[in-house]
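Working notes, structure below.
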Amino acid sequence: MTTHPVADAIGQTLTDWLDTDEHRDQAWNLHQRITRQDGPYVAAAWLIGMNPHLNNDSPLNAIRNGHSADARAAAYAQISGHHAN
């Protein structure tokens, strides 16, 4: 398997867990957006962490399960500072 750029951010195991190149591209895109705002370590933690905008699911899991639009909305909330209670 060819290494995807997102592997540098979240590791090869999680990159392989994302089962399609489309999912890897979506994760990389969100990682880059959050990196510009908060830095690469926050972006990596954000991708794998529980997210209240996703009912405490992780953005990576949402992407893998076909809910990339929800993960994108959660990223925009993170970038704009709209945190769920």
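Just so we're on the same page: first chain in the structure tokens is A, next is B, and so on; residues restart at 1 for each chain, and ligands are numbered from 1 in the order they show up.
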For range 48-57 of chain A, work out the shell of residues within 7 Å, counting only C-alpha atoms and skipping chain neighbours fewer than 4 positions away, then give it as a tab-separated table (two decimals) with C-alpha atoms, in the first residue's frame.
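Output saved as result.tsv:
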```tsv
chain	number	residue	atom	x	y	z
A	44	ALA	CA	-4.37	14.96	14.88
A	61	ASN	CA	-15.01	7.13	12.55
A	62	ALA	CA	-17.63	9.45	11.06
A	70	ASP	CA	-20.95	15.71	9.51
A	74	ALA	CA	-17.62	19.56	13.08
A	84	ALA	CA	-20.97	22.17	21.53
```
* Residues near range 28-37 of chain A, cut-off 9 Å, only C-alpha atoms, skip fewer than 5 positions along chain, as a PyMOL selection string -> chain A and resi 4-7+9+23+42-44+46-47+71-72+75-76+78-79
* Please run DSSP on the backbone and report, as an MDAnalysis selection string, all residues within chain A that come out as helix (DSSP H, G or I). => chainID A and resid 6:10 12:17 21:38 40:48 52:54 59:64 68:80
Would you mind exporting C-alpha atoms of the selected residues as a short mmCIF file (atom, residue, chain, number, x, y, z; two decimals), in the first residue's frame?
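To be explicit, this is the file written out as selection.cif:
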```
data_model
loop_
_atom_site.label_atom_id
_atom_site.label_comp_id
_atom_site.auth_asym_id
_atom_site.auth_seq_id
_atom_site.Cartn_x
_atom_site.Cartn_y
_atom_site.Cartn_z
CA VAL A 6 -2.37 11.66 6.32
CA ALA A 7 -0.20 8.80 7.67
CA ASP A 8 2.36 11.37 8.82
CA ALA A 9 -0.36 13.02 10.89
CA ILE A 10 -2.24 10.08 12.39
CA GLN A 12 -0.08 4.28 9.27
CA THR A 13 -2.37 2.02 11.32
CA LEU A 14 -5.20 4.57 11.44
CA THR A 15 -4.57 5.51 7.81
CA ASP A 16 -4.97 1.86 6.81
CA TRP A 17 -8.11 1.64 8.97
CA ASP A 21 -8.50 6.63 -0.61
CA GLU A 22 -11.51 8.92 -0.61
CA HIS A 23 -11.76 8.59 3.19
CA ARG A 24 -8.02 9.20 3.53
CA ASP A 25 -8.30 12.31 1.35
CA GLN A 26 -11.22 13.58 3.44
CA ALA A 27 -9.28 13.04 6.68
CA TRP A 28 -6.23 14.77 5.21
CA ASN A 29 -8.31 17.73 4.06
CA LEU A 30 -9.83 18.19 7.53
CA HIS A 31 -6.43 17.75 9.16
CA GLN A 32 -4.99 20.50 6.97
CA ARG A 33 -7.87 22.87 7.73
CA ILE A 34 -7.53 22.42 11.48
CA THR A 35 -3.72 22.58 11.29
CA ARG A 36 -3.94 26.07 9.77
CA GLN A 37 -6.02 27.20 12.75
CA ASP A 38 -4.67 25.19 15.69
CA PRO A 40 -0.79 19.77 13.61
CA TYR A 41 -0.94 18.18 17.06
CA VAL A 42 -4.36 19.63 17.82
CA ALA A 43 -5.54 18.56 14.35
CA ALA A 44 -4.37 14.96 14.88
CA ALA A 45 -5.98 14.82 18.32
CA TRP A 46 -9.18 16.32 16.91
CA LEU A 47 -9.41 13.63 14.21
CA ILE A 48 -9.19 10.74 16.68
CA PRO A 52 -19.67 16.52 20.79
CA HIS A 53 -20.78 17.67 17.31
CA LEU A 54 -20.70 14.02 16.27
CA PRO A 59 -14.26 12.50 13.05
CA LEU A 60 -12.25 9.56 11.65
CA ASN A 61 -15.01 7.13 12.55
CA ALA A 62 -17.63 9.45 11.06
CA ILE A 63 -15.65 9.63 7.81
CA ARG A 64 -15.20 5.86 7.66
CA SER A 68 -17.98 12.96 6.02
CA ALA A 69 -20.38 15.91 5.75
CA ASP A 70 -20.95 15.71 9.51
CA ALA A 71 -17.18 15.54 10.11
CA ARG A 72 -16.73 18.60 7.86
CA ALA A 73 -19.39 20.49 9.84
CA ALA A 74 -17.62 19.56 13.08
CA ALA A 75 -14.34 20.85 11.61
CA TYR A 76 -15.95 24.15 10.69
CA ALA A 77 -17.30 24.41 14.23
CA GLN A 78 -13.79 23.79 15.60
CA ILE A 79 -12.24 26.38 13.29
CA SER A 80 -14.88 29.01 14.03
#
```
